[in-house]
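Visitor: Just upload.cif, nothing more (mmCIF, C-alpha atoms (C1' of nucleotides)):
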data_entry
loop_
_atom_site.label_atom_id
_atom_site.label_comp_id
_atom_site.auth_asym_id
_atom_site.auth_seq_id
_atom_site.Cartn_x
_atom_site.Cartn_y
_atom_site.Cartn_z
CA MET A 1 34.43 24.95 -27.38
CA PRO A 2 31.29 22.80 -27.30
CA LYS A 3 31.16 19.89 -24.92
CA PRO A 4 31.04 16.28 -26.21
CA LEU A 5 27.42 16.86 -27.15
CA PRO A 6 25.11 14.79 -24.97
CA LEU A 7 23.21 13.76 -28.06
CA LEU A 8 20.87 11.42 -26.25
CA THR A 9 19.74 12.41 -22.82
CA SER A 10 22.58 10.40 -21.38
CA PRO A 11 22.15 9.45 -17.73
CA PRO A 12 24.48 11.70 -15.78
CA PRO A 13 27.15 9.58 -14.12
CA GLU A 14 27.00 9.04 -10.38
CA ARG A 15 29.38 10.92 -8.18
CA ARG A 16 31.79 8.84 -6.15
CA ASP A 17 30.45 9.89 -2.77
CA ALA A 18 26.93 9.18 -3.97
CA ALA A 19 27.88 5.70 -5.08
CA ARG A 20 29.68 4.98 -1.84
CA ASN A 21 26.71 6.08 0.22
CA ARG A 22 24.22 4.17 -1.87
CA GLU A 23 26.15 0.99 -1.37
CA ALA A 24 26.52 1.60 2.35
CA LEU A 25 22.79 2.27 2.63
CA MET A 26 21.72 -0.86 0.79
CA GLU A 27 24.05 -2.95 2.86
CA ALA A 28 22.90 -1.42 6.12
CA ALA A 29 19.27 -1.74 5.10
CA GLU A 30 19.57 -5.44 4.40
CA ALA A 31 21.43 -6.01 7.64
CA LEU A 32 18.91 -4.08 9.70
CA ILE A 33 15.99 -5.85 8.05
CA LYS A 34 17.51 -9.23 8.73
CA GLN A 35 18.07 -8.21 12.32
CA HIS A 36 14.90 -6.36 13.21
CA GLY A 37 12.45 -7.26 10.49
CA VAL A 38 11.04 -4.83 7.95
CA ARG A 39 8.78 -3.17 10.48
CA GLY A 40 11.59 -2.57 12.93
CA VAL A 41 13.70 -0.48 10.60
CA THR A 42 13.35 3.27 10.91
CA MET A 43 14.83 5.74 8.51
CA ASP A 44 16.76 7.39 11.31
CA ALA A 45 18.26 4.09 12.36
CA LEU A 46 19.18 3.30 8.79
CA ALA A 47 20.89 6.63 8.32
CA ALA A 48 22.83 6.15 11.53
CA ALA A 49 23.80 2.58 10.69
CA ALA A 50 25.03 3.58 7.28
CA GLY A 51 26.88 6.55 8.71
CA VAL A 52 25.12 9.15 6.61
CA GLY A 53 22.64 11.93 7.22
CA LYS A 54 18.94 11.41 6.99
CA GLY A 55 18.64 13.78 4.06
CA THR A 56 20.92 11.52 2.09
CA VAL A 57 18.64 8.54 2.64
CA PHE A 58 15.66 10.43 1.34
CA ARG A 59 17.42 11.94 -1.63
CA ARG A 60 18.50 8.47 -2.65
CA PHE A 61 15.21 6.64 -2.19
CA GLY A 62 12.57 9.33 -2.00
CA SER A 63 10.58 7.65 0.73
CA ARG A 64 10.44 4.67 2.98
CA GLU A 65 8.48 2.83 0.31
CA GLY A 66 11.11 3.71 -2.23
CA LEU A 67 13.78 2.26 -0.02
CA MET A 68 11.90 -0.96 0.48
CA ALA A 69 11.24 -1.18 -3.23
CA ALA A 70 14.97 -0.85 -3.87
CA VAL A 71 15.77 -3.59 -1.38
CA LEU A 72 13.10 -5.76 -2.94
CA ASP A 73 14.43 -5.25 -6.43
CA HIS A 74 17.87 -6.08 -5.24
CA SER A 75 16.74 -9.29 -3.58
CA GLU A 76 14.86 -10.40 -6.67
CA THR A 77 17.91 -10.23 -8.82
CA GLU A 78 18.97 -13.70 -7.81
CA TRP A 79 15.59 -15.13 -8.74
CA GLN A 80 15.63 -13.38 -12.08
CA ALA A 81 18.98 -14.94 -12.80
CA ALA A 82 17.56 -18.37 -11.98
CA VAL A 83 14.73 -17.79 -14.41
CA MET A 84 16.96 -16.55 -17.19
CA GLY A 85 19.86 -18.89 -16.87
CA GLY A 86 19.34 -21.35 -14.04
CA PRO A 87 18.55 -25.05 -14.22
CA ALA A 88 15.44 -26.34 -15.99
CA PRO A 89 12.50 -26.41 -15.73
CA LEU A 90 12.55 -22.86 -14.34
CA GLY A 91 15.51 -21.91 -16.44
CA PRO A 92 15.97 -22.61 -20.16
CA GLY A 93 16.05 -26.15 -21.49
CA ALA A 94 12.60 -27.46 -20.61
CA PRO A 95 9.63 -27.22 -22.98
CA PRO A 96 7.77 -23.91 -22.70
CA MET A 97 4.74 -25.24 -20.87
CA GLU A 98 6.87 -26.83 -18.20
CA ARG A 99 8.84 -23.66 -17.82
CA LEU A 100 5.68 -21.63 -17.52
CA LEU A 101 4.24 -23.83 -14.80
CA ALA A 102 7.52 -23.89 -12.92
CA PHE A 103 7.58 -20.14 -13.23
CA GLY A 104 4.13 -19.76 -11.73
CA GLU A 105 4.85 -21.87 -8.70
CA SER A 106 8.21 -20.27 -8.16
CA ARG A 107 6.79 -16.80 -8.42
CA MET A 108 4.04 -17.60 -5.97
CA LEU A 109 6.48 -18.89 -3.41
CA LEU A 110 8.73 -15.90 -3.91
CA ASN A 111 5.90 -13.46 -3.36
CA PHE A 112 4.95 -15.18 -0.14
CA LYS A 113 8.55 -15.17 0.95
CA HIS A 114 8.95 -11.45 0.31
CA ALA A 115 5.53 -10.59 1.66
CA GLU A 116 6.70 -8.17 4.32
CA LEU A 117 8.93 -6.35 1.90
CA ILE A 118 6.30 -6.19 -0.82
CA GLU A 119 3.80 -4.66 1.53
CA ALA A 120 6.33 -2.19 2.84
CA ALA A 121 7.12 -1.20 -0.74
CA GLY A 122 3.50 -0.16 -1.13
CA TYR A 123 1.71 0.53 -4.34
CA PRO A 124 4.18 0.30 -7.15
CA GLY A 125 4.34 3.92 -8.02
CA GLN A 126 7.77 3.66 -6.53
CA ARG A 127 8.74 0.13 -7.33
CA SER A 128 11.14 -0.07 -10.18
CA LEU A 129 9.52 -0.73 -13.50
CA GLN A 130 12.46 -2.96 -14.29
CA ALA A 131 11.55 -5.63 -11.79
CA LEU A 132 7.83 -5.40 -12.36
CA SER A 133 8.29 -5.80 -16.07
CA PHE A 134 10.47 -8.81 -15.84
CA THR A 135 7.81 -11.32 -14.95
CA THR A 136 5.32 -10.26 -17.58
CA MET A 137 8.02 -10.06 -20.22
CA HIS A 138 9.07 -13.57 -19.46
CA VAL A 139 5.51 -14.91 -19.53
CA ARG A 140 4.89 -13.13 -22.77
CA TYR A 141 7.93 -14.76 -24.28
CA LEU A 142 6.80 -18.21 -23.15
CA LEU A 143 3.32 -17.62 -24.53
CA GLY A 144 4.95 -16.82 -27.84
CA GLU A 145 6.96 -20.03 -27.71
CA LEU A 146 3.74 -21.91 -27.04
CA GLY A 147 2.23 -20.50 -30.20
CA VAL A 148 -0.56 -18.69 -28.41
CA GLU A 149 -2.41 -16.19 -30.56
CA GLY A 150 -3.99 -12.96 -29.45
CA ASP A 151 -2.89 -9.97 -27.39
CA LEU A 152 0.09 -11.59 -25.73
CA ALA A 153 1.00 -8.48 -23.76
CA TYR A 154 -2.40 -8.46 -22.17
CA LEU A 155 -2.59 -12.19 -21.61
CA ALA A 156 0.79 -12.11 -19.91
CA THR A 157 -0.34 -9.49 -17.40
CA ALA A 158 -3.56 -11.42 -16.86
CA LEU A 159 -1.66 -14.60 -16.04
CA VAL A 160 0.76 -12.83 -13.74
CA ALA A 161 -1.98 -10.97 -11.90
CA PRO A 162 -3.22 -13.94 -9.85
CA LEU A 163 0.34 -14.42 -8.62
CA GLU A 164 0.49 -10.98 -7.06
CA LEU A 165 0.65 -10.99 -3.30
CA ILE A 166 -2.51 -8.96 -2.99
CA VAL A 167 -4.45 -11.75 -4.72
CA LEU A 168 -2.63 -14.61 -3.08
CA ARG A 169 -3.49 -13.15 0.31
CA GLN A 170 -7.12 -12.99 -0.62
CA GLN A 171 -7.10 -16.61 -1.67
CA ALA A 172 -5.11 -17.95 1.23
CA ASP A 173 -6.55 -15.87 4.05
CA ARG A 174 -10.14 -15.30 3.07
CA ASP A 175 -11.02 -18.21 0.84
CA GLN A 176 -8.87 -20.66 2.77
CA ILE A 177 -7.37 -21.98 -0.43
CA SER A 178 -4.22 -24.01 0.20
CA THR A 179 -1.04 -23.29 -1.68
CA THR A 180 -1.21 -26.59 -3.50
CA ARG A 181 -4.70 -25.73 -4.62
CA ILE A 182 -3.50 -22.32 -5.77
CA VAL A 183 -0.84 -23.99 -7.86
CA ALA A 184 -3.37 -26.41 -9.29
CA GLY A 185 -5.76 -23.58 -10.05
CA TRP A 186 -3.13 -21.55 -11.80
CA THR A 187 -2.05 -24.56 -13.80
CA ASP A 188 -5.62 -25.06 -14.94
CA LEU A 189 -5.91 -21.39 -15.79
CA VAL A 190 -2.79 -21.54 -17.91
CA HIS A 191 -4.09 -24.53 -19.83
CA ARG A 192 -7.39 -22.82 -20.50
CA VAL A 193 -5.60 -19.74 -21.80
CA VAL A 194 -3.06 -21.58 -23.87
CA ARG A 195 -5.02 -24.38 -25.46
CA PRO A 196 -6.03 -23.80 -29.08
CA ASP A 197 -9.70 -23.60 -30.05
CA MET F 1 -30.49 -14.87 37.73
CA PRO F 2 -28.71 -15.84 34.51
CA LYS F 3 -28.75 -13.42 31.60
CA PRO F 4 -30.59 -14.26 28.34
CA LEU F 5 -27.69 -16.54 27.46
CA PRO F 6 -25.67 -15.15 24.56
CA LEU F 7 -25.58 -18.60 23.00
CA LEU F 8 -23.79 -17.54 19.87
CA THR F 9 -21.11 -14.91 20.17
CA SER F 10 -23.65 -12.27 19.33
CA PRO F 11 -22.18 -8.98 18.15
CA PRO F 12 -22.52 -6.52 21.00
CA PRO F 13 -24.86 -3.70 20.02
CA GLU F 14 -23.40 -0.26 19.31
CA ARG F 15 -23.81 2.40 21.92
CA ARG F 16 -25.70 5.49 20.94
CA ASP F 17 -22.80 7.91 21.25
CA ALA F 18 -20.64 5.54 19.25
CA ALA F 19 -23.18 5.38 16.44
CA ARG F 20 -23.58 9.14 16.39
CA ASN F 21 -19.85 9.70 16.16
CA ARG F 22 -19.36 7.08 13.49
CA GLU F 23 -21.93 8.76 11.32
CA ALA F 24 -20.46 12.19 11.91
CA LEU F 25 -17.01 10.88 11.04
CA MET F 26 -18.06 9.24 7.80
CA GLU F 27 -19.90 12.34 6.73
CA ALA F 28 -17.02 14.61 7.60
CA ALA F 29 -14.55 12.29 5.90
CA GLU F 30 -16.46 12.29 2.64
CA ALA F 31 -16.89 16.05 2.73
CA LEU F 32 -13.21 16.65 3.44
CA ILE F 33 -12.13 14.26 0.73
CA LYS F 34 -14.36 15.95 -1.81
CA GLN F 35 -12.98 19.30 -0.76
CA HIS F 36 -9.27 18.61 -0.35
CA GLY F 37 -8.71 15.29 -2.06
CA VAL F 38 -7.69 12.11 -0.31
CA ARG F 39 -4.14 13.31 0.23
CA GLY F 40 -5.24 16.55 1.81
CA VAL F 41 -7.17 14.97 4.65
CA THR F 42 -5.35 14.59 7.94
CA MET F 43 -6.67 12.63 10.87
CA ASP F 44 -6.47 15.70 13.09
CA ALA F 45 -8.51 17.70 10.63
CA LEU F 46 -11.06 14.93 10.37
CA ALA F 47 -11.44 14.71 14.12
CA ALA F 48 -11.88 18.46 14.35
CA ALA F 49 -14.37 18.59 11.48
CA ALA F 50 -16.45 15.82 13.02
CA GLY F 51 -16.25 17.46 16.41
CA VAL F 52 -14.72 14.47 18.17
CA GLY F 53 -11.37 13.68 19.73
CA LYS F 54 -8.59 12.08 17.80
CA GLY F 55 -8.70 8.97 19.93
CA THR F 56 -12.23 8.37 18.79
CA VAL F 57 -11.22 8.41 15.15
CA PHE F 58 -8.58 5.81 15.74
CA ARG F 59 -10.72 3.59 17.93
CA ARG F 60 -13.31 3.55 15.17
CA PHE F 61 -11.08 2.94 12.18
CA GLY F 62 -7.84 1.70 13.61
CA SER F 63 -5.66 3.65 11.20
CA ARG F 64 -5.71 6.03 8.33
CA GLU F 65 -5.86 3.12 5.95
CA GLY F 66 -8.77 1.70 7.88
CA LEU F 67 -10.62 4.96 7.53
CA MET F 68 -10.05 5.13 3.81
CA ALA F 69 -11.14 1.51 3.49
CA ALA F 70 -14.36 2.35 5.27
CA VAL F 71 -15.02 5.29 2.98
CA LEU F 72 -14.25 3.11 0.00
CA ASP F 73 -16.59 0.38 1.12
CA HIS F 74 -19.28 2.92 1.66
CA SER F 75 -18.86 4.40 -1.78
CA GLU F 76 -18.95 0.97 -3.41
CA THR F 77 -22.32 0.14 -1.95
CA GLU F 78 -24.08 1.91 -4.77
CA TRP F 79 -22.19 -0.06 -7.37
CA GLN F 80 -22.90 -3.33 -5.61
CA ALA F 81 -26.59 -2.50 -5.66
CA ALA F 82 -26.37 -1.87 -9.41
CA VAL F 83 -24.76 -5.26 -9.91
CA MET F 84 -27.25 -7.09 -7.75
CA GLY F 85 -30.44 -5.37 -8.77
CA GLY F 86 -29.81 -2.68 -11.35
CA PRO F 87 -30.63 -2.68 -15.05
CA ALA F 88 -29.23 -5.33 -17.39
CA PRO F 89 -26.73 -6.22 -18.64
CA LEU F 90 -24.83 -5.38 -15.43
CA GLY F 91 -27.81 -6.29 -13.29
CA PRO F 92 -29.93 -9.42 -13.59
CA GLY F 93 -31.89 -10.18 -16.73
CA ALA F 94 -29.18 -10.52 -19.33
CA PRO F 95 -27.54 -13.83 -20.21
CA PRO F 96 -24.62 -14.70 -17.93
CA MET F 97 -21.87 -14.04 -20.43
CA GLU F 98 -23.19 -10.59 -21.17
CA ARG F 99 -23.46 -9.90 -17.48
CA LEU F 100 -19.94 -11.07 -16.89
CA LEU F 101 -18.48 -8.87 -19.61
CA ALA F 102 -20.49 -5.89 -18.43
CA PHE F 103 -19.23 -6.62 -14.95
CA GLY F 104 -15.60 -6.60 -16.03
CA GLU F 105 -15.79 -3.29 -17.83
CA SER F 106 -17.77 -1.71 -15.03
CA ARG F 107 -15.36 -2.93 -12.39
CA MET F 108 -12.39 -1.65 -14.33
CA LEU F 109 -13.89 1.79 -14.64
CA LEU F 110 -14.83 1.83 -10.98
CA ASN F 111 -11.32 0.93 -9.90
CA PHE F 112 -9.88 3.73 -11.99
CA LYS F 113 -12.44 6.11 -10.57
CA HIS F 114 -11.63 5.21 -6.99
CA ALA F 115 -7.90 5.00 -7.60
CA GLU F 116 -6.88 7.56 -5.01
CA LEU F 117 -9.01 5.96 -2.35
CA ILE F 118 -7.88 2.45 -3.16
CA GLU F 119 -4.26 3.43 -2.84
CA ALA F 120 -4.90 5.26 0.40
CA ALA F 121 -6.66 2.18 1.74
CA GLY F 122 -3.41 0.31 1.28
CA TYR F 123 -2.96 -3.40 1.32
CA PRO F 124 -6.24 -5.00 2.21
CA GLY F 125 -5.32 -6.27 5.61
CA GLN F 126 -7.64 -3.52 6.72
CA ARG F 127 -10.12 -3.38 3.90
CA SER F 128 -13.34 -5.03 4.77
CA LEU F 129 -13.57 -8.61 3.64
CA GLN F 130 -17.18 -7.93 2.77
CA ALA F 131 -16.42 -5.63 -0.11
CA LEU F 132 -13.47 -7.61 -1.35
CA SER F 133 -15.50 -10.75 -1.41
CA PHE F 134 -18.37 -9.33 -3.32
CA THR F 135 -16.75 -9.21 -6.71
CA THR F 136 -15.31 -12.70 -6.62
CA MET F 137 -18.54 -14.11 -5.24
CA HIS F 138 -20.45 -12.58 -8.09
CA VAL F 139 -18.05 -13.83 -10.73
CA ARG F 140 -18.13 -17.25 -9.20
CA TYR F 141 -21.89 -17.26 -9.43
CA LEU F 142 -21.81 -16.23 -13.07
CA LEU F 143 -19.25 -18.91 -13.88
CA GLY F 144 -21.62 -21.41 -12.36
CA GLU F 145 -24.47 -20.11 -14.50
CA LEU F 146 -22.24 -20.50 -17.53
CA GLY F 147 -21.72 -24.14 -16.71
CA VAL F 148 -17.99 -23.80 -16.25
CA GLU F 149 -16.35 -26.79 -14.61
CA GLY F 150 -13.38 -26.77 -12.34
CA ASP F 151 -12.30 -24.87 -9.24
CA LEU F 152 -14.72 -21.99 -9.59
CA ALA F 153 -13.52 -20.24 -6.46
CA TYR F 154 -10.03 -20.10 -7.87
CA LEU F 155 -11.07 -19.18 -11.38
CA ALA F 156 -13.17 -16.34 -10.02
CA THR F 157 -10.22 -14.80 -8.19
CA ALA F 158 -8.07 -15.31 -11.26
CA LEU F 159 -10.54 -13.44 -13.45
CA VAL F 160 -10.96 -10.63 -10.97
CA ALA F 161 -7.23 -10.23 -10.41
CA PRO F 162 -6.50 -8.44 -13.73
CA LEU F 163 -9.16 -5.90 -12.80
CA GLU F 164 -7.35 -4.85 -9.63
CA LEU F 165 -5.97 -1.34 -9.73
CA ILE F 166 -2.45 -2.53 -9.14
CA VAL F 167 -2.59 -4.51 -12.38
CA LEU F 168 -4.54 -1.93 -14.36
CA ARG F 169 -1.90 0.63 -13.49
CA GLN F 170 0.80 -1.60 -14.77
CA GLN F 171 -1.02 -2.11 -18.04
CA ALA F 172 -2.04 1.48 -18.57
CA ASP F 173 1.08 3.25 -17.37
CA ARG F 174 3.90 0.91 -18.23
CA ASP F 175 2.64 -1.09 -21.16
CA GLN F 176 0.68 1.80 -22.64
CA ILE F 177 -2.35 -0.40 -23.12
CA SER F 178 -5.48 1.64 -23.75
CA THR F 179 -8.62 1.05 -21.74
CA THR F 180 -10.46 -0.27 -24.76
CA ARG F 181 -7.67 -2.74 -25.33
CA ILE F 182 -7.83 -3.76 -21.69
CA VAL F 183 -11.52 -4.44 -22.05
CA ALA F 184 -10.92 -6.41 -25.23
CA GLY F 185 -8.15 -8.37 -23.57
CA TRP F 186 -10.27 -9.24 -20.58
CA THR F 187 -13.14 -10.28 -22.83
CA ASP F 188 -10.81 -12.61 -24.66
CA LEU F 189 -9.50 -13.97 -21.39
CA VAL F 190 -13.01 -14.70 -20.19
CA HIS F 191 -13.84 -16.57 -23.36
CA ARG F 192 -10.70 -18.68 -23.08
CA VAL F 193 -11.54 -19.57 -19.50
CA VAL F 194 -15.20 -20.25 -20.08
CA ARG F 195 -15.27 -22.11 -23.35
CA PRO F 196 -15.66 -25.86 -23.08
CA ASP F 197 -12.94 -28.19 -24.38
"C1'" DG H 1 -34.22 7.50 39.64
"C1'" DA H 2 -29.92 5.79 42.04
"C1'" DT H 3 -25.96 2.75 41.32
"C1'" DC H 4 -22.32 0.67 38.91
"C1'" DG H 5 -19.49 -1.66 35.60
"C1'" DA H 6 -18.39 -1.38 30.90
"C1'" DA H 7 -17.65 1.09 26.91
"C1'" DA H 8 -16.54 5.27 24.64
"C1'" DC H 9 -14.39 9.72 24.74
"C1'" DG H 10 -10.72 13.36 24.12
"C1'" DG H 11 -6.64 15.56 23.73
"C1'" DA H 12 -1.88 15.70 25.50
"C1'" DC H 13 1.92 13.02 24.21
"C1'" DC H 14 5.22 10.13 21.42
"C1'" DA H 15 7.50 8.18 17.30
"C1'" DT H 16 8.85 8.60 12.88
"C1'" DA H 17 8.42 9.96 7.94
"C1'" DG H 18 9.74 13.67 5.19
"C1'" DT H 19 11.59 18.76 4.35
"C1'" DC H 20 14.92 22.57 4.18
"C1'" DC H 21 18.92 24.98 3.64
"C1'" DG H 22 23.63 26.20 4.96
"C1'" DT H 23 27.97 23.45 4.39
"C1'" DT H 24 31.01 20.16 2.18
"C1'" DT H 25 32.58 17.25 -1.60
"C1'" DT H 26 33.41 16.24 -6.28
"C1'" DC H 27 35.23 16.93 -10.65
"C1'" DA H 28 35.76 19.40 -15.06
"C1'" DT H 29 38.39 23.16 -16.58
"C1'" DT H 30 42.36 25.97 -16.73
"C1'" DA V 1 47.42 22.68 -8.29
"C1'" DA V 2 43.92 26.28 -8.17
"C1'" DT V 3 39.13 27.46 -9.19
"C1'" DG V 4 34.29 27.40 -9.37
"C1'" DA V 5 29.86 25.62 -10.21
"C1'" DA V 6 27.00 21.79 -9.63
"C1'" DA V 7 25.82 18.01 -6.92
"C1'" DA V 8 25.56 15.74 -2.64
"C1'" DC V 9 25.54 15.95 2.31
"C1'" DG V 10 23.71 16.23 7.18
"C1'" DG V 11 21.02 17.09 10.87
"C1'" DA V 12 17.80 20.37 12.97
"C1'" DC V 13 13.03 21.06 12.10
"C1'" DT V 14 8.08 20.14 10.83
"C1'" DA V 15 3.92 17.49 10.04
"C1'" DT V 16 1.18 13.83 11.01
"C1'" DG V 17 0.02 9.11 12.22
"C1'" DG V 18 -0.81 6.54 16.30
"C1'" DT V 19 -0.90 5.69 21.63
"C1'" DC V 20 -2.29 6.31 26.47
"C1'" DC V 21 -4.94 6.98 30.27
"C1'" DG V 22 -7.79 9.82 33.28
"C1'" DT V 23 -12.63 11.41 32.53
"C1'" DT V 24 -17.31 11.06 30.74
"C1'" DT V 25 -21.33 8.75 28.91
"C1'" DC V 26 -24.27 5.00 28.45
"C1'" DG V 27 -27.59 1.65 29.78
"C1'" DA V 28 -28.65 -2.47 32.47
"C1'" DT V 29 -30.16 -3.56 37.03
"C1'" DC V 30 -32.36 -2.84 41.31
#
Go through the file and emit its structure as structure tokens.
Guide:
Amino acid sequence: MPKPLPLLTSPPPERRDAARNREALMEAAEALIKQHGVRGVTMDALAAAAGVGKGTVFRRFGSREGLMAAVLDHSETEWQAAVMGGPAPLGPGAPPMERLLAFGESRMLLNFKHAELIEAAGYPGQRSLQALSFTTMHVRYLLGELGVEGDLAYLATALVAPLELIVLRQQADRDQISTTRIVAGWTDLVHRVVRPD
Amino acid sequence: MPKPLPLLTSPPPERRDAARNREALMEAAEALIKQHGVRGVTMDALAAAAGVGKGTVFRRFGSREGLMAAVLDHSETEWQAAVMGGPAPLGPGAPPMERLLAFGESRMLLNFKHAELIEAAGYPGQRSLQALSFTTMHVRYLLGELGVEGDLAYLATALVAPLELIVLRQQADRDQISTTRIVAGWTDLVHRVVRPD
DNA sequence: GATCGAAACGGACCATAGTCCGTTTTCATT
DNA sequence: AATGAAAACGGACTATGGTCCGTTTCGATC
């Protein structure tokens, strides 16, 4: 008798023990980070706190960076919800340009807020594509609403790039640019990109 | 008798043994990287290859990331020379817009070429400000030549940001954007930023 | 060229990320 | 409920980044 035919490469369901441990690990990780800071959390301590073996931690997250990336993704969920369905101007309801500018400022602040975590998550080989995609997808959508012409996928990444922590750090630390000036600069950039010929 | 008065906090000169070891370390590092790849180089192996103690390696570079940053800086010197004094259009002689576009493409290719090293150098807390500054300084200068008005320091960082490896990766790997399309996109971006109202 | 304080050295030592593999749990099948 | 294979588990083990501190080298001064 043939099985129910996994026609599409269906994602194999998660075993109950696996799910339980994953939840325990995420919870423990967030608690430990809140308590000791990102730096102060070791993988051994995490395993102990979650009541699992170390091997389990690494099978789940692959590496320390992977773990931090998972925590980061999880903590950005709330923000994503605010962007998708929260109050205007960040959420829907405001005109696209207002939303876009609110988005930029909000994203900048969020990246500063999560700085430790972002650095600990390392280069985004690990970081979930899901979360990384979200911001550019949203910007692309808003550019469309604004009637911008051209390679919107590229322009979206180009507008999001200056909001990445790595760039913000450069501006704030090296060039001594204040956050309000960063916001003003990004606003100007957006207008230059958006305005018709 | 008072000393020659170090009026300004003059950088203390480097002792001879220190200089010798630094040179040996850089040379050994480059050789080992060429031979085993960035990943395959351990700090112990480097110390051994350079014929110094491990402590010396860490006093010099602070960390593995610091070492990789130093190697990266060193390898970018050649490129910087090409930008400052090499043949047009990358070097001086061509009109500013041509130089700027040549710069963007060249920088993109360089970042791809040095990808391994850039990742190993980690977040640029370590990476020399010198090298990081160079690109934005140059772009800022070219924007000035082009008669662009506004916050040139900010605009320069904003134009350089999409050329960072972290962003290029996102475009190439996730969004499946080809390198030629990246170049075209950046060219378009530059024109939008530069063109007068 | 003898003296001395400061700077650099080196390698044993420690902390922690990541691996490995024998054991246990889960769950689909009977 | 019993069975068995696949998946997950756990913790001892390894590799390597990073620290520490007693020893050595340097070079300025006399």
Visitor: Apply the PyMOL selection byres ((chain H and resi 22) around 12) to the structure shown and report the selected residues as a ChimeraX atom specification.
Guide: /H:20-21,23-24 /V:9-12
Visitor: Record the distance separating C1' of DC13 in chain V and CA of Leu46 in chain A, expressed in Å with one decimal.
Guide: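 Interatomic distance here is 19.1 Å.
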Visitor: Convert the output of the PyMOL selection byres ((chain F) within 8 of (chain V)) on the shown file into explicit residues, formatted as a list in words.
Guide: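 Checking the PyMOL selection byres ((chain F) within 8 of (chain V)) against this file, the residues are Arg15, Arg16, Asp17, Thr42, Met43, Phe58, Ser63 and Arg64 of chain F.
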Visitor: Work out how far apart CA of Val160 in chain A and CA of Ala156 in chain F are and give it in Å to one decimal.
Guide: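 Here the two named atoms are 14.8 Å from each other.
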Visitor: Written as a short mmCIF file (atom, residue, chain, number, x, y, z; two decimals) with C-alpha atoms (C1' of nucleotides), in the frame of the given file, what is the full residue list that the PyMOL selection byres ((chain H) within 10 of (chain F)) yields on the file shown?
Guide:
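Printed below is selection22.cif as written:
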data_model
loop_
_atom_site.label_atom_id
_atom_site.label_comp_id
_atom_site.auth_asym_id
_atom_site.auth_seq_id
_atom_site.Cartn_x
_atom_site.Cartn_y
_atom_site.Cartn_z
"C1'" DA H 7 -17.65 1.09 26.91
"C1'" DA H 8 -16.54 5.27 24.64
"C1'" DC H 9 -14.39 9.72 24.74
"C1'" DG H 10 -10.72 13.36 24.12
"C1'" DG H 11 -6.64 15.56 23.73
#
Visitor: Counting only C-alpha atoms, collect the residues of chain F whose closest atom lies at most 9 Å from chain A, and write them out as a ChimeraX atom specification.
Guide: /F:119,122-125,129,132-133,150-151,153-155,157-164,166-167,169-171,174-175,177,181-182,185-186,188-189,191-195,197
Visitor: CA of Ala121 in chain F to CA of Val38 in chain F: how many Å, to one decimal?
Guide: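 Spanning CA of Ala121 in chain F to CA of Val38 in chain F is a straight-line distance of 10.2 Å.
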Visitor: Might you pull out every residue within 12 Å of Ser75 in chain F, with only C-alpha atoms (C1' of nucleotides) counted and same-chain residues fewer than 3 positions away left off, and present them as a PDB file with C-alpha atoms, in the coordinates of the input?
Guide:
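Full text of around37.pdb as output:
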ATOM      1  CA  MET F  26     -18.060   9.240   7.800  1.00  0.00           C
ATOM      2  CA  GLU F  27     -19.900  12.340   6.730  1.00  0.00           C
ATOM      3  CA  ALA F  29     -14.550  12.290   5.900  1.00  0.00           C
ATOM      4  CA  GLU F  30     -16.460  12.290   2.640  1.00  0.00           C
ATOM      5  CA  MET F  68     -10.050   5.130   3.810  1.00  0.00           C
ATOM      6  CA  ALA F  69     -11.140   1.510   3.490  1.00  0.00           C
ATOM      7  CA  ALA F  70     -14.360   2.350   5.270  1.00  0.00           C
ATOM      8  CA  VAL F  71     -15.020   5.290   2.980  1.00  0.00           C
ATOM      9  CA  LEU F  72     -14.250   3.110   0.000  1.00  0.00           C
ATOM     10  CA  GLU F  78     -24.080   1.910  -4.770  1.00  0.00           C
ATOM     11  CA  TRP F  79     -22.190  -0.060  -7.370  1.00  0.00           C
ATOM     12  CA  GLN F  80     -22.900  -3.330  -5.610  1.00  0.00           C
ATOM     13  CA  ALA F  81     -26.590  -2.500  -5.660  1.00  0.00           C
ATOM     14  CA  LEU F 110     -14.830   1.830 -10.980  1.00  0.00           C
ATOM     15  CA  ASN F 111     -11.320   0.930  -9.900  1.00  0.00           C
ATOM     16  CA  LYS F 113     -12.440   6.110 -10.570  1.00  0.00           C
ATOM     17  CA  HIS F 114     -11.630   5.210  -6.990  1.00  0.00           C
ATOM     18  CA  LEU F 117      -9.010   5.960  -2.350  1.00  0.00           C
ATOM     19  CA  ILE F 118      -7.880   2.450  -3.160  1.00  0.00           C
ATOM     20  CA  ALA F 131     -16.420  -5.630  -0.110  1.00  0.00           C
TER      21      ALA F 131
END
Visitor: Set the distance at 8 Å and use all atoms listed in the file: which residues neighbour Leu143 in chain F once local chain neighbours fewer than 2 positions away are removed? I'd like the list as an MDAnalysis selection string.
Guide: chainID F and resid 96 139:141 145:148 152 156 194
Visitor: Find the residue from A:Thr187, A:Ser178, A:Ser106, A:Gln35 that sits nearest to Thr135 in chain A; use only C-alpha atoms when measuring.
Guide: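 Result for the nearest residue to Thr135 in chain A: A:Ser106.
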